[in-house]
>>> print(open('entry10.cif').read())   # mmCIF, C-alpha atoms
data_my_file
#
loop_
_atom_site.label_atom_id
_atom_site.label_comp_id
_atom_site.auth_asym_id
_atom_site.auth_seq_id
_atom_site.Cartn_x
_atom_site.Cartn_y
_atom_site.Cartn_z
CA MET A 727 18.74 -145.56 -72.89
CA PRO A 728 16.65 -148.55 -71.81
CA GLN A 729 13.27 -148.18 -70.15
CA MET A 730 12.73 -149.16 -66.54
CA LEU A 731 10.44 -151.96 -67.74
CA ASP A 732 13.33 -153.52 -69.65
CA SER A 733 14.84 -154.72 -66.36
CA LEU A 734 11.67 -156.60 -65.37
CA PRO A 735 9.87 -159.77 -66.44
CA VAL A 736 7.77 -159.04 -69.52
CA LEU A 737 4.58 -159.79 -67.55
CA TYR A 738 4.84 -156.38 -65.88
CA ARG A 739 4.80 -154.50 -69.20
CA GLU A 740 0.99 -154.50 -69.25
CA LEU A 741 0.51 -154.18 -65.48
CA LEU A 742 2.61 -151.27 -64.25
CA PRO A 743 1.86 -147.56 -64.77
CA ASP A 744 3.36 -145.49 -67.59
CA PHE A 745 6.04 -144.18 -65.23
CA PHE A 746 7.95 -147.42 -65.77
CA ARG A 747 8.36 -146.58 -69.45
CA LYS A 748 10.71 -143.76 -68.52
CA GLU A 749 14.31 -144.14 -69.59
CA ILE A 750 16.97 -145.14 -67.12
CA PRO A 751 20.77 -145.18 -67.48
CA GLU A 752 22.20 -148.51 -68.56
CA GLU A 753 24.32 -150.09 -65.82
CA THR A 754 27.39 -150.57 -67.99
CA LYS A 755 29.75 -151.06 -65.02
CA ALA A 756 27.94 -154.23 -63.90
CA THR A 757 29.05 -156.54 -66.70
CA CYS A 758 27.23 -159.79 -66.00
CA ALA A 759 28.43 -161.68 -69.09
CA SER A 760 32.03 -161.03 -68.00
CA CYS A 761 31.48 -160.54 -64.28
CA ALA A 762 33.00 -157.28 -63.07
CA MET A 763 33.62 -158.85 -59.66
CA CYS A 764 35.46 -161.98 -60.79
CA PRO A 765 39.29 -162.00 -60.73
CA SER A 766 39.51 -163.35 -64.27
CA SER A 767 37.18 -160.71 -65.68
CA ALA A 768 38.27 -158.63 -68.62
CA SER A 769 36.49 -155.62 -67.10
CA GLY A 770 39.46 -154.51 -65.05
CA THR A 771 38.56 -155.58 -61.53
CA VAL A 772 41.17 -154.38 -59.06
CA GLU A 773 41.98 -155.19 -55.47
CA SER A 774 39.59 -153.65 -52.95
CA VAL A 775 40.42 -150.26 -51.50
CA ASP A 776 40.46 -151.43 -47.88
CA GLY A 777 42.53 -154.56 -48.58
CA VAL A 778 39.67 -157.00 -47.86
CA SER A 779 39.05 -159.22 -50.87
CA ARG A 780 35.42 -159.30 -51.97
CA LEU A 781 35.94 -160.75 -55.43
CA PHE A 782 33.31 -163.26 -56.51
CA ARG A 783 33.90 -166.85 -57.58
CA PRO A 784 33.38 -167.40 -61.32
CA ASP A 785 31.12 -170.38 -60.51
CA THR A 786 28.81 -168.34 -58.28
CA LYS A 787 29.14 -164.68 -59.31
CA CYS A 788 26.48 -162.74 -57.40
CA CYS A 789 24.06 -165.68 -57.51
CA THR A 790 24.65 -166.72 -53.89
CA TYR A 791 21.04 -165.80 -53.22
CA TYR A 792 17.93 -167.98 -53.28
CA PRO A 793 15.00 -166.11 -54.88
CA LYS A 794 11.54 -165.99 -53.38
CA LEU A 795 9.23 -166.45 -56.36
CA PRO A 796 5.63 -165.17 -56.16
CA ASN A 797 2.96 -167.60 -57.27
CA TYR A 798 2.08 -165.78 -60.52
CA LEU A 799 5.70 -165.73 -61.74
CA VAL A 800 5.96 -169.46 -61.00
CA GLY A 801 2.81 -169.95 -63.04
CA ALA A 802 4.16 -167.79 -65.86
CA LEU A 803 7.30 -169.94 -66.03
CA LEU A 804 5.35 -173.20 -65.98
CA SER A 805 3.08 -171.85 -68.74
CA ASP A 806 6.01 -170.89 -70.97
CA THR A 807 6.76 -173.88 -73.19
CA ARG A 808 9.86 -172.47 -74.90
CA ALA A 809 12.65 -175.04 -75.12
CA GLU A 810 15.27 -172.69 -73.68
CA LEU A 811 13.29 -172.56 -70.42
CA GLY A 812 12.99 -176.33 -70.14
CA GLU A 813 15.72 -176.64 -67.51
CA GLY A 814 14.23 -173.82 -65.46
CA ARG A 815 10.78 -175.43 -65.55
CA ARG A 816 12.30 -178.77 -64.55
CA ARG A 817 14.07 -177.25 -61.55
CA VAL A 818 11.00 -175.38 -60.36
CA GLU A 819 8.82 -178.46 -60.80
CA GLU A 820 11.36 -180.46 -58.78
CA LYS A 821 11.24 -177.79 -56.07
CA ILE A 822 7.44 -177.94 -55.99
CA GLY A 823 7.56 -181.73 -55.79
CA GLY A 824 9.87 -181.53 -52.78
CA ARG A 825 7.30 -179.39 -50.91
CA VAL A 826 9.95 -177.46 -48.93
CA GLY A 827 9.22 -173.73 -49.01
CA VAL A 828 6.23 -174.33 -51.29
CA THR A 829 3.09 -172.38 -50.36
CA PRO A 830 0.13 -171.01 -52.29
CA GLN A 831 1.76 -167.57 -52.20
CA TRP A 832 5.44 -168.36 -52.80
CA VAL A 833 8.02 -170.85 -53.94
CA ARG A 834 10.75 -169.74 -51.58
CA PRO A 835 13.98 -170.85 -49.93
CA SER A 836 13.87 -173.07 -46.90
CA ALA A 837 13.95 -171.58 -43.40
CA ARG A 838 17.40 -173.15 -42.99
CA TYR A 839 18.74 -171.28 -46.01
CA ASN A 840 17.24 -168.01 -44.77
CA LEU A 841 18.84 -168.53 -41.37
CA LEU A 842 22.26 -168.98 -42.96
CA TYR A 843 21.76 -166.02 -45.30
CA ARG A 844 20.76 -163.64 -42.51
CA ASN A 845 23.73 -164.57 -40.36
CA SER A 846 26.47 -164.65 -42.98
CA ARG A 847 27.91 -161.66 -44.77
CA GLN A 848 31.31 -162.43 -46.20
CA PHE A 849 30.06 -165.46 -48.13
CA PHE A 850 28.22 -163.37 -50.73
CA GLY A 851 29.48 -164.16 -54.20
CA ARG A 852 31.90 -166.78 -52.87
CA ALA A 853 30.14 -169.68 -51.11
CA THR A 854 29.09 -172.46 -53.47
CA SER A 855 26.86 -173.89 -50.73
CA MET A 856 24.72 -170.72 -51.01
CA ARG A 857 24.48 -170.78 -54.80
CA CYS A 858 21.03 -170.26 -56.28
CA PRO A 859 19.33 -173.55 -57.22
CA TYR A 860 18.31 -172.03 -60.56
CA TYR A 861 21.87 -171.09 -61.52
CA GLU A 862 23.21 -172.86 -64.60
CA LEU A 863 26.79 -173.77 -63.80
CA GLU A 864 28.17 -174.57 -67.26
CA HIS A 865 27.50 -171.18 -68.82
CA GLY A 866 27.05 -169.15 -65.64
CA GLY A 867 23.49 -168.05 -66.37
CA CYS A 868 20.01 -168.17 -64.87
CA THR A 869 17.56 -170.86 -65.97
CA ILE A 870 14.47 -168.82 -64.98
CA TRP A 871 15.69 -165.32 -65.95
CA PRO A 872 12.51 -164.14 -67.80
CA TYR A 873 10.57 -164.78 -64.56
CA ARG A 874 13.05 -163.55 -61.97
CA GLU A 875 11.87 -161.81 -58.80
CA ALA A 876 12.48 -158.32 -57.37
CA VAL A 877 15.98 -158.80 -55.95
CA CYS A 878 17.33 -160.46 -59.09
CA SER A 879 15.76 -157.78 -61.30
CA THR A 880 17.29 -154.84 -59.42
CA PHE A 881 20.68 -155.92 -58.03
CA PHE A 882 23.91 -154.57 -59.51
CA CYS A 883 27.38 -154.78 -58.03
CA LYS A 884 28.32 -151.31 -59.35
CA TYR A 885 26.27 -148.32 -60.45
CA VAL A 886 27.04 -145.72 -63.12
CA ALA A 887 25.35 -143.09 -60.93
CA GLY A 888 27.11 -144.22 -57.76
CA ALA A 889 25.14 -143.80 -54.55
CA ASP A 890 22.24 -142.20 -56.39
CA GLY A 891 22.09 -145.18 -58.74
CA ARG A 892 22.09 -147.61 -55.84
CA LYS A 893 19.27 -145.69 -54.15
CA LEU A 894 17.24 -145.75 -57.36
CA TRP A 895 17.53 -149.51 -57.74
CA MET A 896 16.89 -150.09 -54.04
CA THR A 897 13.68 -148.05 -54.19
CA PHE A 898 12.80 -149.89 -57.42
CA LYS A 899 13.25 -153.16 -55.54
CA THR A 900 11.04 -151.95 -52.68
CA TYR A 901 8.24 -151.05 -55.08
CA LEU A 902 8.55 -154.32 -56.97
CA ALA A 903 8.66 -156.38 -53.78
CA LEU A 904 5.46 -154.68 -52.65
CA ALA A 905 3.89 -155.56 -55.99
CA GLU A 906 4.91 -159.20 -55.54
CA ILE A 907 3.33 -159.32 -52.09
CA GLN A 908 0.08 -157.66 -53.09
CA LEU A 909 -0.38 -159.40 -56.42
CA SER A 910 0.41 -162.83 -54.99
CA ARG A 911 -2.10 -162.18 -52.18
CA TYR A 912 -4.70 -161.11 -54.72
CA ALA A 913 -4.19 -164.29 -56.75
CA VAL A 914 -4.54 -166.50 -53.68
CA LEU A 915 -7.68 -164.61 -52.64
CA GLN A 916 -9.27 -165.53 -55.97
CA LEU A 917 -8.33 -169.21 -55.86
CA LEU A 918 -7.87 -170.20 -52.22
CA PRO A 919 -9.47 -167.50 -50.04
CA GLU A 920 -9.22 -169.62 -46.89
CA TYR A 921 -5.44 -169.15 -46.97
CA ILE A 922 -5.80 -165.37 -46.78
CA LEU A 923 -8.69 -165.36 -44.32
CA ALA A 924 -6.67 -167.55 -41.96
CA GLY A 925 -3.84 -164.99 -42.03
CA ARG A 926 -1.36 -167.39 -43.61
CA ASP A 927 -0.16 -164.64 -45.93
CA LYS A 928 1.32 -162.73 -42.98
CA PRO A 929 5.12 -162.97 -42.70
CA ASP A 930 6.45 -165.44 -40.15
CA LEU A 931 8.50 -163.36 -37.72
CA SER A 932 9.70 -166.38 -35.75
CA GLU A 933 13.48 -166.56 -35.52
CA THR A 934 13.48 -170.12 -34.19
CA PRO A 935 13.44 -172.77 -36.93
CA SER A 936 11.67 -176.04 -36.30
CA LEU A 937 13.30 -179.45 -36.52
CA GLU A 938 11.81 -179.88 -40.00
CA ASP A 939 13.26 -176.51 -41.00
CA LEU A 940 16.77 -177.44 -39.89
CA ASP A 941 16.63 -180.70 -41.81
CA ASP A 942 15.02 -179.13 -44.89
CA LYS A 943 12.05 -181.46 -44.54
CA PRO A 944 8.54 -180.69 -45.83
CA LEU A 945 5.52 -180.18 -43.63
CA PRO A 946 3.84 -183.36 -42.41
CA GLN A 947 1.34 -184.60 -44.97
CA LYS A 948 -1.69 -183.63 -42.89
CA GLU A 949 -0.48 -180.04 -42.41
CA TYR A 950 0.48 -179.72 -46.04
CA ALA A 951 -2.94 -180.95 -47.18
CA ALA A 952 -4.64 -178.47 -44.84
CA LEU A 953 -2.50 -175.68 -46.30
CA TRP A 954 -3.37 -176.44 -49.93
CA ARG A 955 -6.90 -177.85 -49.47
CA GLN A 956 -8.46 -178.74 -52.83
CA TRP A 957 -5.26 -177.81 -54.67
CA ALA A 958 -3.06 -180.35 -52.86
CA GLY A 959 -1.35 -182.47 -55.50
CA ARG A 960 -2.26 -179.93 -58.18
CA GLU A 961 0.16 -177.17 -57.20
CA PRO A 962 1.45 -176.48 -60.75
CA ASP A 963 -2.15 -175.98 -61.92
CA PHE A 964 -2.69 -173.58 -59.02
CA TYR A 965 0.35 -171.51 -59.96
CA ARG A 966 -0.73 -171.38 -63.61
CA ALA A 967 -4.15 -170.17 -62.49
CA CYS A 968 -2.45 -167.46 -60.42
CA PHE A 969 -0.61 -166.32 -63.52
CA GLU A 970 -3.86 -166.16 -65.50
CA ALA A 971 -5.54 -164.14 -62.73
CA ILE A 972 -2.73 -161.57 -62.62
CA ARG A 973 -2.14 -161.11 -66.33
CA ALA A 974 -5.85 -160.35 -66.78
CA LEU A 975 -5.53 -157.24 -64.58
CA SER A 976 -5.36 -153.68 -65.89
CA PRO A 977 -2.85 -151.09 -64.61
CA GLU A 978 -5.75 -149.36 -62.84
CA GLN A 979 -6.65 -152.56 -61.01
CA VAL A 980 -3.02 -153.14 -60.06
CA GLU A 981 -2.80 -149.60 -58.68
CA LYS A 982 -5.86 -150.29 -56.52
CA ILE A 983 -4.39 -153.57 -55.28
CA MET A 984 -1.12 -151.80 -54.39
CA GLY A 985 -3.04 -149.27 -52.30
CA LEU A 986 -1.62 -146.25 -50.51
CA ASP A 987 1.71 -147.99 -49.93
CA GLY A 988 2.09 -148.32 -53.67
CA VAL A 989 1.33 -144.62 -54.21
CA ILE A 990 3.96 -143.64 -51.64
CA GLU A 991 6.63 -145.99 -52.97
CA LEU A 992 6.03 -144.73 -56.50
CA LYS A 993 6.58 -141.14 -55.31
CA VAL A 994 9.85 -142.16 -53.67
CA LEU A 995 10.88 -143.93 -56.87
CA GLU A 996 10.08 -140.86 -58.96
CA LYS A 997 12.36 -138.73 -56.79
CA SER A 998 15.15 -141.30 -56.96
CA LEU A 999 14.96 -141.30 -60.75
CA ARG A 1000 15.17 -137.50 -60.86
CA ASP A 1001 18.32 -137.62 -58.72
CA VAL A 1002 19.90 -140.00 -61.24
CA VAL A 1003 18.96 -138.34 -64.52
CA ALA A 1004 19.30 -134.72 -63.35
CA PRO A 1005 21.91 -134.68 -60.55
CA GLU A 1006 22.79 -131.44 -58.80
CA LEU A 1007 26.08 -130.67 -57.09
CA PRO A 1008 25.52 -129.49 -53.50
CA ARG A 1009 26.53 -125.93 -52.70
CA VAL A 1010 29.00 -127.00 -49.99
CA LEU A 1011 31.07 -130.21 -50.10
CA LYS A 1012 33.50 -131.94 -47.80
CA LEU A 1013 35.73 -134.97 -48.16
CA ASN A 1014 33.91 -137.94 -46.68
CA PRO A 1015 35.79 -138.81 -43.46
CA GLU A 1016 34.73 -142.47 -43.85
CA ALA A 1017 36.05 -142.80 -47.41
CA THR A 1018 38.71 -145.47 -47.86
CA VAL A 1019 41.96 -144.42 -49.50
CA LYS A 1020 44.53 -146.68 -51.15
CA TRP A 1021 47.65 -145.49 -52.93
CA LEU A 1022 48.44 -147.55 -56.03
CA PRO A 1023 51.93 -148.46 -57.32
CA ASP A 1024 51.56 -146.13 -60.30
CA GLY A 1025 51.05 -143.10 -58.06
CA ASN A 1026 47.29 -142.96 -58.51
CA VAL A 1027 44.92 -143.20 -55.59
CA ALA A 1028 41.80 -145.39 -55.28
CA LEU A 1029 38.93 -143.99 -53.26
CA GLY A 1030 35.82 -145.80 -52.09
CA ALA A 1031 32.85 -144.72 -50.03
CA TYR A 1032 29.28 -145.63 -50.99
CA SER A 1033 29.94 -149.31 -51.83
CA GLU A 1034 32.40 -152.00 -50.87
CA TYR A 1035 32.35 -153.15 -54.49
CA ASP A 1036 33.07 -149.87 -56.25
CA ALA A 1037 35.95 -147.36 -56.18
CA VAL A 1038 37.21 -144.38 -58.16
CA ALA A 1039 40.84 -144.04 -59.25
CA LEU A 1040 42.34 -140.56 -59.48
CA PRO A 1041 45.81 -139.12 -60.04
CA GLY A 1042 47.61 -138.73 -56.74
CA LEU A 1043 47.73 -134.96 -57.21
CA ALA A 1044 43.95 -134.82 -57.23
CA TYR A 1045 43.78 -136.19 -53.69
CA SER A 1046 45.75 -133.21 -52.39
CA LEU A 1047 43.01 -131.04 -53.87
CA LEU A 1048 40.17 -133.04 -52.38
CA VAL A 1049 41.34 -132.46 -48.82
CA GLU A 1050 40.71 -128.74 -49.39
CA PHE A 1051 36.98 -129.46 -49.43
CA THR A 1052 36.35 -129.14 -45.70
CA GLY A 1053 32.68 -128.15 -45.73
CA ARG A 1054 33.37 -124.60 -44.61
CA GLU A 1055 33.23 -122.88 -48.00
CA PRO A 1056 30.96 -123.08 -51.03
CA VAL A 1057 32.31 -125.12 -53.92
CA PRO A 1058 33.01 -122.09 -56.19
CA ALA A 1059 35.07 -120.47 -53.42
CA VAL A 1060 37.16 -123.61 -52.91
CA ARG A 1061 37.81 -123.92 -56.65
CA GLU A 1062 38.85 -120.29 -56.90
CA ARG A 1063 41.23 -120.69 -53.98
CA LEU A 1064 42.77 -123.79 -55.59
CA ARG A 1065 43.32 -121.88 -58.81
CA GLN A 1066 44.94 -119.00 -56.96
CA GLU A 1067 47.08 -120.94 -54.49
CA LYS A 1068 47.88 -124.19 -56.32
CA GLN A 1069 47.28 -123.32 -59.94
CA ALA A 1070 45.00 -126.35 -60.10
CA ASP A 1071 41.30 -127.06 -60.33
CA LEU A 1072 38.78 -129.90 -60.27
CA HIS A 1073 36.19 -129.57 -63.02
CA GLU A 1074 32.54 -129.60 -61.96
CA ASP A 1075 31.99 -132.90 -63.82
CA ILE A 1076 34.73 -134.53 -61.73
CA LEU A 1077 33.29 -133.08 -58.54
CA LEU A 1078 29.85 -134.39 -59.48
CA GLU A 1079 31.24 -137.88 -60.09
CA LEU A 1080 33.05 -137.81 -56.74
CA TYR A 1081 29.87 -136.63 -55.06
CA ARG A 1082 27.81 -139.39 -56.69
CA HIS A 1083 30.28 -141.87 -55.23
CA ARG A 1084 30.03 -140.00 -51.90
CA ILE A 1085 33.79 -139.51 -51.78
CA LEU A 1086 32.76 -135.89 -51.52
CA MET A 1087 29.62 -135.44 -49.49
CA GLU A 1088 27.18 -132.65 -48.78
CA ALA A 1089 28.22 -130.63 -45.76
#
>>> encode(input="entry10.cif", output="structure tokens")
Amino acid sequence: MPQMLDSLPVLYRELLPDFFRKEIPEETKATCASCAMCPSSASGTVESVDGVSRLFRPDTKCCTYYPKLPNYLVGALLSDTRAELGEGRRRVEEKIGGRVGVTPQWVRPSARYNLLYRNSRQFFGRATSMRCPYYELEHGGCTIWPYREAVCSTFFCKYVAGADGRKLWMTFKTYLALAEIQLSRYAVLQLLPEYILAGRDKPDLSETPSLEDLDDKPLPQKEYAALWRQWAGREPDFYRACFEAIRALSPEQVEKIMGLDGVIELKVLEKSLRDVVAPELPRVLKLNPEATVKWLPDGNVALGAYSEYDAVALPGLAYSLLVEFTGREPVPAVRERLRQEKQADLHEDILLELYRHRILMEA
């Protein structure tokens, strides 16, 4: 099995604690090379359980998201002279030159993009207007992949461990996002302390975009120069210096920079990993009343619960057994009753898989 670090930019290999060298199940259901959510995929994508199509476009896949790149990852990309990253460097340099969403801490989407993203749901995977600017259309890949941020490192459309797998990757994302915030702040503090001391690293909670935001225009020159001070006009050099400042850190220094929040998030992540690698079937189960059920032409039944992108197909007969799990009896008692009354049974491995998909849930 791969290590947790294998899903992250290589920069983190020398920064994060040994916990991230633990093995993690490979997400074989999320087939990015042949997108599991595209209608033309060879991976067997079927119609959604509830009848609402959520299939992705082949020319967007799940890349209808604009990443928020921390300064040190931008610097790492700009410092990497490999030819295969030339297009990614060019696009990031073009973004920096446009000065929209470009700050000492982040190279991020515009406020207009964020406004659209927050207020649109059904577009995901389908709206070309929301496609990532670093997406390479011809081959359907990412031009900055070795330096991707937290969301891009931890998102999967389907999980081999079902709901437990999704929770693991969501907690992984939370930890990594915290690292991006704290490490990017640390880098700015070394190079442009006035930015931090003025509180510019605090998130902007304003929901009202300015005129410049709506038109995707940069800050006025005077404001932009005040933001960057001595680094104005030398932004790529600043980002490279951020990268150098971060890669010089030891894991012990990173742990200190992460603080108590980092300790807590790591504990949550440890528990999530245990739930994935050593799952336990609850003593009492019941059929999830919110699970979606769709009968297929071949007599099988498709069941979905934890995710709108993932479903489990079972023989139709199995569904008549699932309804016997009402939450009033322990699992062994229900199985014994099924054997006695219906001469049928659901193996514990099947029950565990149904529980991981939350089709059966703890009562």
>>> resolve_selection(input="entry10.cif", expression="the PyMOL selection byres ((chain A and resi 731-740) around 8)", output="ChimeraX atom specification")
/A:728-730,741-742,746-747,872-874,879-880,973,976-977
>>> residues_around(input="entry10.cif", residues="A:Ile1085", least_positions_apart="6", cutoff="12 Å", atoms="all atoms listed in the file", output="PyMOL selection string")
chain A and resi 888-889+1011-1019+1028-1033+1036-1040+1045+1048-1049+1051+1076-1079
>>> write_last_selection(input="entry10.cif", atoms="C-alpha atoms", output="PDB file, in the coordinates of the input")
ATOM      1  CA  GLY A 888      27.110-144.220 -57.760  1.00  0.00           C
ATOM      2  CA  ALA A 889      25.140-143.800 -54.550  1.00  0.00           C
ATOM      3  CA  LEU A1011      31.070-130.210 -50.100  1.00  0.00           C
ATOM      4  CA  LYS A1012      33.500-131.940 -47.800  1.00  0.00           C
ATOM      5  CA  LEU A1013      35.730-134.970 -48.160  1.00  0.00           C
ATOM      6  CA  ASN A1014      33.910-137.940 -46.680  1.00  0.00           C
ATOM      7  CA  PRO A1015      35.790-138.810 -43.460  1.00  0.00           C
ATOM      8  CA  GLU A1016      34.730-142.470 -43.850  1.00  0.00           C
ATOM      9  CA  ALA A1017      36.050-142.800 -47.410  1.00  0.00           C
ATOM     10  CA  THR A1018      38.710-145.470 -47.860  1.00  0.00           C
ATOM     11  CA  VAL A1019      41.960-144.420 -49.500  1.00  0.00           C
ATOM     12  CA  ALA A1028      41.800-145.390 -55.280  1.00  0.00           C
ATOM     13  CA  LEU A1029      38.930-143.990 -53.260  1.00  0.00           C
ATOM     14  CA  GLY A1030      35.820-145.800 -52.090  1.00  0.00           C
ATOM     15  CA  ALA A1031      32.850-144.720 -50.030  1.00  0.00           C
ATOM     16  CA  TYR A1032      29.280-145.630 -50.990  1.00  0.00           C
ATOM     17  CA  SER A1033      29.940-149.310 -51.830  1.00  0.00           C
ATOM     18  CA  ASP A1036      33.070-149.870 -56.250  1.00  0.00           C
ATOM     19  CA  ALA A1037      35.950-147.360 -56.180  1.00  0.00           C
ATOM     20  CA  VAL A1038      37.210-144.380 -58.160  1.00  0.00           C
ATOM     21  CA  ALA A1039      40.840-144.040 -59.250  1.00  0.00           C
ATOM     22  CA  LEU A1040      42.340-140.560 -59.480  1.00  0.00           C
ATOM     23  CA  TYR A1045      43.780-136.190 -53.690  1.00  0.00           C
ATOM     24  CA  LEU A1048      40.170-133.040 -52.380  1.00  0.00           C
ATOM     25  CA  VAL A1049      41.340-132.460 -48.820  1.00  0.00           C
ATOM     26  CA  PHE A1051      36.980-129.460 -49.430  1.00  0.00           C
ATOM     27  CA  ILE A1076      34.730-134.530 -61.730  1.00  0.00           C
ATOM     28  CA  LEU A1077      33.290-133.080 -58.540  1.00  0.00           C
ATOM     29  CA  LEU A1078      29.850-134.390 -59.480  1.00  0.00           C
ATOM     30  CA  GLU A1079      31.240-137.880 -60.090  1.00  0.00           C
TER      31      GLU A1079
END
>>> residues_around(input="entry10.cif", residues="A:Phe898", least_positions_apart="5", cutoff="10 Å", atoms="only C-alpha atoms", output="MDAnalysis selection string")
chainID A and resid 730 746 876:877 879:881 892:893 903:904 991:992 994:996 998:999
>>> resolve_selection(input="entry10.cif", expression="the PyMOL selection byres ((chain A and resi 1043) around 12)", output="list in words")
Trp1021, Gly1025, Asn1026, Val1027, Ala1039, Leu1040, Pro1041, Gly1042, Ala1044, Tyr1045, Ser1046, Leu1047, Leu1048, Val1049, Lys1068, Gln1069, Ala1070, Asp1071 and Leu1072 of chain A
>>> residues_around(input="entry10.cif", residues="A:Leu945", least_positions_apart="3", cutoff="8 Å", atoms="all atoms listed in the file", output="MDAnalysis selection string")
chainID A and resid 825:826 938 949:950
>>> write_last_selection(input="entry10.cif", atoms="C-alpha atoms", output="mmCIF file, in the coordinates of the input")
data_model
loop_
_atom_site.group_PDB
_atom_site.id
_atom_site.type_symbol
_atom_site.label_atom_id
_atom_site.label_comp_id
_atom_site.auth_asym_id
_atom_site.auth_seq_id
_atom_site.Cartn_x
_atom_site.Cartn_y
_atom_site.Cartn_z
ATOM 1 C CA ARG A 825 7.300 -179.390 -50.910
ATOM 2 C CA VAL A 826 9.950 -177.460 -48.930
ATOM 3 C CA GLU A 938 11.810 -179.880 -40.000
ATOM 4 C CA GLU A 949 -0.480 -180.040 -42.410
ATOM 5 C CA TYR A 950 0.480 -179.720 -46.040
#
